[in-house]
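Heads up, the thing below is written out as structure tokens.
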Amino acid sequence: MKENYFNYLISSNQEEEAAKLKIHEGDYNQAINLFLKGGMPGKAAMVILDNPNIHPPISIQLLDTVATNLVKAGYYDLAGEFYETKLDELNRALDCYLKGHVYRKAIDLARKHYPSKVVELQDQWGDYLVTQKQIDMAINHYIEAKEYQKAIEAAINSRHYARALQLVDIMDSEVAKPYYRQLARYYEDTNQIDIAEKCYLSADQPSYAVEMHTRLGHWEVAHKLAMSYMSEGEVGLLYINQAQKLESAGKLREAERLYLTVKEKDLAINMYKKHRQFDDMIRLVKDYRPDLIKETHQFLAQHLEMEGSLKDAENHYVEANEWQSAVNMYRTNELWDDAIRVSKMYGGLAASKRVTIALVMAVGTKEGLKYLTKHGLVEAAIDHATENGAYDIAFELAALALPKKVVEIHLKYALFLEDAYRFKEAEEEFIQANKPREAIEMYIHQKDYNNALRVAEAYDATAISDIYIAQAKAKIEINDFQSAEELFLQSGHPELALDMYMSTNQWNDALRIAQQHLPHRVVEVNNHFQSTQTRPNAANNKGFISKNDLLTSGKSLEQNKQYSQAIDLYLHNKLDNPSDCIIVYDRALELARSYLPNRFVDIGIEISKKLIEIHYEEQAADVLFDVGRQDEAITVCLTYGKFEKAKALSQGNPVLRSRVDEAYQSFITSKGDAKGLVDIGKADVALDVLAKRGDWDKLWEVAAKERLSSVTIGKYVIMRIEELLKGTVSQVDEAVRTLQKRSGPISPSALVTYKRLVNTVLSRSLDKENNNYLPTISSLKETLFRLTNQFKAQEKQLDKQLLGDMEELLMATHYMYMYLTTKSLNLLDIAAKCSITLLKYPFVIPQDKAFYLAGAAARAVGNTNLAFMLLNRYVDITEAMDTNDTSFLDNSEYNIIDGVPLNGPLPPSHYISDEDIREEERTWVLSIVTDSSIEQKFPRREQTRNTLYEGLYHYDRPACIVTGYPIHPADLLDINNSVANRKDWNTLVSKIKIDPWTGQSQNPIY
């Protein structure tokens, strides 16, 4: 019955029902074929997939048929699964997944079998999702495909701007810039200003950000952005363009602010000028061009005057302190009231006077008088007219308005004519002014006595006597005493003639005048005559007298035994020849010695003072010595530099001679006369003089010539070194050479200087280590080697600590010399050891320098771990230097090693002054931190034998003189009072051919 039913189903084309019947019967193969026959490949496929253990197994051919029908029917998902899981045809499976847009299965398949295609498939999946408007999911797949640009474009096109910004932020800056620009415009349009600003800046378009803030009135923000991201020229151009836009829009205040922000004050000023906003223009000129404020006001005033805006023009003229121009403007326009107002307001009465003349000349006297009367300036106008020579106007105004001023005008006009040498006209005006006496004085002043008499006789007879007297005085000036006498007598004043003769010592004429005209004065004339004859200097009206006249007068007094008066005469008169004073003073001193012994000393002291006044100091000293004032005599000589005289006077007196010698020494010392000091046996003082002068070559020459002791020379060696240490690098190098050539002292104080010298040289920064650095280190090492031996020779007299300090300076310098030498010879392994040894001297070599040299040397020989440990410490030290804080210096990594002291001082300045180089080292250290292949720690002591690390530990074994490293017994070489690692010593000596410790010639010893 089942079979009949089956056949019925087949004959009636009910293949689906027939297939279900076969499935129920377990005949899966038949069911599959029926589904295929009925055009239902999907159900056929499901039979296979739902029943994995079909027996007998489905043939490959049938499976392929099912898959083919699935593809034809568009069941790409099932077809792909069939090809993948049943037929193992992965390529066809992948094609089906892609055709059916089953990207998840396609990507899962690719991950297992085609990993190189995963990215491409993610990209295709994203493209498909975009077509389906599933933007969020598309973005995710673009990101998986690393197609960030597509992801961004998708986000932007779908207006997912926040997501787009997240993506742009992770892209390369150059690729991201166009997207930042798009996003910036969106965020600006939506008023999300902060985000828009960030996008503009990321797009490398700060100008758009500045424009945005400017449009919004965010001036401070705009300016800060412009100055941070744009060059000065770009900022200026941007602001100017923006300001011009604002100006065109009438926003002048905003435009001004932009112009001023970029210091284009002139453009702001011109903007206001162009827009005729003169008050703002003046405000800016006053603030930013104060030197042009006057000129600007003048310009505006002239401009406004031309336009006819006279009132405004006046204001600017006044502000320019050119109110006179405002007056002239009103005068030109015949606005006399305004002209007078301005002149009176700003120039006072004096200024308004000047307007009056122009007014009268312009409108006539009568018309002008109306203005003058209105403003109360009539009298002022008359005064100004007379002051400026406009006498015709003055006379006319006075006649019309102020008749009482006419006389005054005549007087002023007369004085004017007198100054112009128009004496006849002046006379007439003086007469008109009722001032004949002024006319007479005018003629007297001109010595025109005839005209003076003519006027006096006509108008003022009382002036005749004065005319005669004035004429007489004129005669005296030309020594015409006879004419003068006649005129004095004519004037009725004989006493003036008498005074004339007495004052000129014409006693006969004086006596004659007195007898003839003034008998009551005869006795007076005789007395004056007698007194002048007894005065020694009567013959010389300049106060001087000749030696012979003085001695003659003095002899007369001596003969009368008036010795005191004679002495006073000799001492209190001026001789016309100062050299004669000595003879006269000698006479005075002899008189005192012989006749007035109680005055002898005082006279001698007075004479000495007078001799000093005329610059006869040695003679003054002789006088003082003569009167028993030896100390004062010596004082005079020393005061005036008469040392030879002082020596002569001090002969036989040890005290005085010692004083003279000391003064002479002080004198030549103050003059810097080193040769003079040497000549008097004061070579040590001469050296002090030369040292102060800085003449060190001469100092060494004198020291050698005088064979001064090493102790004495040592003092100046220290002085010279201290002086040079204050100077440049080359001067410090010279300090080393000085100590190398000269014998430095062996003393605690000298050791302080040696420490300073060594520290200065070994602390030299990288940029100052020039070609002379190695020779300088070599010279310093050689010098310290000698000094250390000298310290050892005096070990019993010195503190042991001093010798220890000296040896530390020597060894630090020696190993620096070894480091530089081996590095220059490209012996990098030895140089690295030397640099490690330098870490042991933190009080001599700055820590940052020592750790940098050691780290760089370790890196140069390929020991990256040691280089990291040392340079990491270097970076920490530099950061401590920058912050002046050592609290964060971590010493824990160095606890394991005991050969490197970590208690050294923090260096005051960087060994590497270039911040960029220090940053490179910091970057290198950070790159090693992330390298797991680098151990980043020090090995233990037992692991360091024959490695660079060995120098970091303390050993009881002797240290190699080449490297400072401990020497194993089998490697020890004992040579020239030093020990060395045989291999390292021979390697170096084979190159330099000298012993590295003593500097002697040497060959390798194998």
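Labeling convention for the structure tokens: chains A, B, ... as they appear, residues from 1 per chain, ligands from 1 in order of appearance.
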
Give me the residues within 10 Å of Leu952 (chain A) as a list in words, counting only C-alpha atoms and dropping any in the same chain fewer than 4 places off.
->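 Listed by chain and then number, they are Lys833, Ile836, Thr837, Leu839, Lys840, Tyr894, Ile896, Ile897, Asp898, Gly899, Val900, Pro901, Phe938, Arg941, Thr944, Leu948 and Tyr965 of chain A.
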
I need the chosen residues saved as a PDB file, in the first residue's frame, with N, CA and C atoms.
```
ATOM      1  N   LYS A 833      87.387  50.273  30.110  1.00  0.00           N
ATOM      2  CA  LYS A 833      87.838  49.983  31.476  1.00  0.00           C
ATOM      3  C   LYS A 833      88.241  51.275  32.196  1.00  0.00           C
ATOM      4  N   ILE A 836      85.256  53.203  33.367  1.00  0.00           N
ATOM      5  CA  ILE A 836      84.646  52.612  34.565  1.00  0.00           C
ATOM      6  C   ILE A 836      85.428  53.028  35.799  1.00  0.00           C
ATOM      7  N   THR A 837      86.748  53.043  35.701  1.00  0.00           N
ATOM      8  CA  THR A 837      87.585  53.437  36.838  1.00  0.00           C
ATOM      9  C   THR A 837      87.331  54.887  37.229  1.00  0.00           C
ATOM     10  N   LEU A 839      84.667  56.330  37.555  1.00  0.00           N
ATOM     11  CA  LEU A 839      83.509  56.411  38.452  1.00  0.00           C
ATOM     12  C   LEU A 839      83.918  56.415  39.918  1.00  0.00           C
ATOM     13  N   LYS A 840      85.159  55.981  40.212  1.00  0.00           N
ATOM     14  CA  LYS A 840      85.639  55.887  41.590  1.00  0.00           C
ATOM     15  C   LYS A 840      86.049  57.241  42.154  1.00  0.00           C
ATOM     16  N   TYR A 894      72.441  49.769  42.745  1.00  0.00           N
ATOM     17  CA  TYR A 894      73.888  49.790  42.954  1.00  0.00           C
ATOM     18  C   TYR A 894      74.288  49.172  44.298  1.00  0.00           C
ATOM     19  N   ILE A 896      74.434  46.192  45.072  1.00  0.00           N
ATOM     20  CA  ILE A 896      75.199  44.966  44.866  1.00  0.00           C
ATOM     21  C   ILE A 896      76.675  45.240  44.626  1.00  0.00           C
ATOM     22  N   ILE A 897      77.006  46.455  44.130  1.00  0.00           N
ATOM     23  CA  ILE A 897      78.408  46.769  43.817  1.00  0.00           C
ATOM     24  C   ILE A 897      78.970  47.680  44.899  1.00  0.00           C
ATOM     25  N   ASP A 898      80.282  47.548  45.182  1.00  0.00           N
ATOM     26  CA  ASP A 898      80.896  48.317  46.261  1.00  0.00           C
ATOM     27  C   ASP A 898      82.105  49.120  45.808  1.00  0.00           C
ATOM     28  N   GLY A 899      82.354  49.181  44.506  1.00  0.00           N
ATOM     29  CA  GLY A 899      83.536  49.884  44.022  1.00  0.00           C
ATOM     30  C   GLY A 899      83.265  51.272  43.460  1.00  0.00           C
ATOM     31  N   VAL A 900      81.991  51.685  43.452  1.00  0.00           N
ATOM     32  CA  VAL A 900      81.633  52.995  42.889  1.00  0.00           C
ATOM     33  C   VAL A 900      80.933  53.819  43.970  1.00  0.00           C
ATOM     34  N   PRO A 901      81.581  54.862  44.503  1.00  0.00           N
ATOM     35  CA  PRO A 901      80.938  55.716  45.520  1.00  0.00           C
ATOM     36  C   PRO A 901      79.759  56.477  44.883  1.00  0.00           C
ATOM     37  N   PHE A 938      73.086  44.477  37.332  1.00  0.00           N
ATOM     38  CA  PHE A 938      74.500  44.149  37.436  1.00  0.00           C
ATOM     39  C   PHE A 938      74.658  42.680  37.830  1.00  0.00           C
ATOM     40  N   ARG A 941      79.393  39.606  41.984  1.00  0.00           N
ATOM     41  CA  ARG A 941      80.859  39.730  41.941  1.00  0.00           C
ATOM     42  C   ARG A 941      81.503  38.505  41.297  1.00  0.00           C
ATOM     43  N   THR A 944      81.896  38.291  37.449  1.00  0.00           N
ATOM     44  CA  THR A 944      82.452  39.419  36.692  1.00  0.00           C
ATOM     45  C   THR A 944      83.888  39.247  36.242  1.00  0.00           C
ATOM     46  N   LEU A 948      83.923  43.691  31.866  1.00  0.00           N
ATOM     47  CA  LEU A 948      83.891  45.118  32.203  1.00  0.00           C
ATOM     48  C   LEU A 948      83.304  45.353  33.588  1.00  0.00           C
ATOM     49  N   TYR A 965      91.822  48.477  36.761  1.00  0.00           N
ATOM     50  CA  TYR A 965      91.129  47.232  37.084  1.00  0.00           C
ATOM     51  C   TYR A 965      92.020  46.339  37.942  1.00  0.00           C
TER      52      TYR A 965
END
```

Which neighbours of region 739-756 of chain A fall inside 10 Å, counting only C-alpha atoms, when residues of the same chain fewer than 6 positions from it are skipped, and could you give them as a PyMOL selection string?
-> chain A and resi 700+709-722+725+762+779-784+786-788+790-794+797-799+801-803+805-806+808-809+843-844

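Proximity to Ser1001 (chain A) at 12 Å, evaluated using only C-alpha atoms and with sequence-adjacent residues fewer than 3 positions away removed, yields A:Asn976, A:Val989, A:Ser990, A:Lys991, A:Ile992, A:Lys993, A:Ile994, A:Asp995, A:Pro996, A:Trp997, A:Thr998, A:Pro1004.
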
Find the spatial neighbours of Val732 (chain A), counting only C-alpha atoms, within a cut-off of 12 Å - ignore same-chain residues fewer than 4 positions away - and output them as a PyMOL selection string.
-> chain A and resi 720-728+736-739+756-764+768+772-773+776-777+780

So which residues touch Phe600 (chain A) within 12 Å, counting only C-alpha atoms, skipping near sequence neighbours fewer than 3 positions away, as a count of residues only?
-> 24

Which neighbours of Asn434 (chain A) fall inside 12 Å, counting only C-alpha atoms, when residues of the same chain fewer than 2 positions from it are skipped, and could you give them as a PyMOL selection string?
-> chain A and resi 406-411+414+427-432+436-439+459-460

Taking the backbone alone, and naming residues the way the document does, which bits of region 764-874 of chain A are helix (DSSP H, G or I) by DSSP, as an MDAnalysis selection string?
-> chainID A and resid 766:768 773:793 800:824 828:838 847:860 864:874

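By only C-alpha atoms, and with residues fewer than 5 positions from Leu284 (chain A) along its chain excluded, the set lying at most 12 Å from it is Arg253, Glu256, Arg257, Tyr259, Leu260, Lys263, Glu264, Lys265, Asp266, Leu267, Ala268, Ile269, Asn270, Met271, Tyr272, Lys273, Gln277, Phe278, Asp279, Arg289, Pro290, Asp291, Leu292, Ile293 and Thr296 of chain A.
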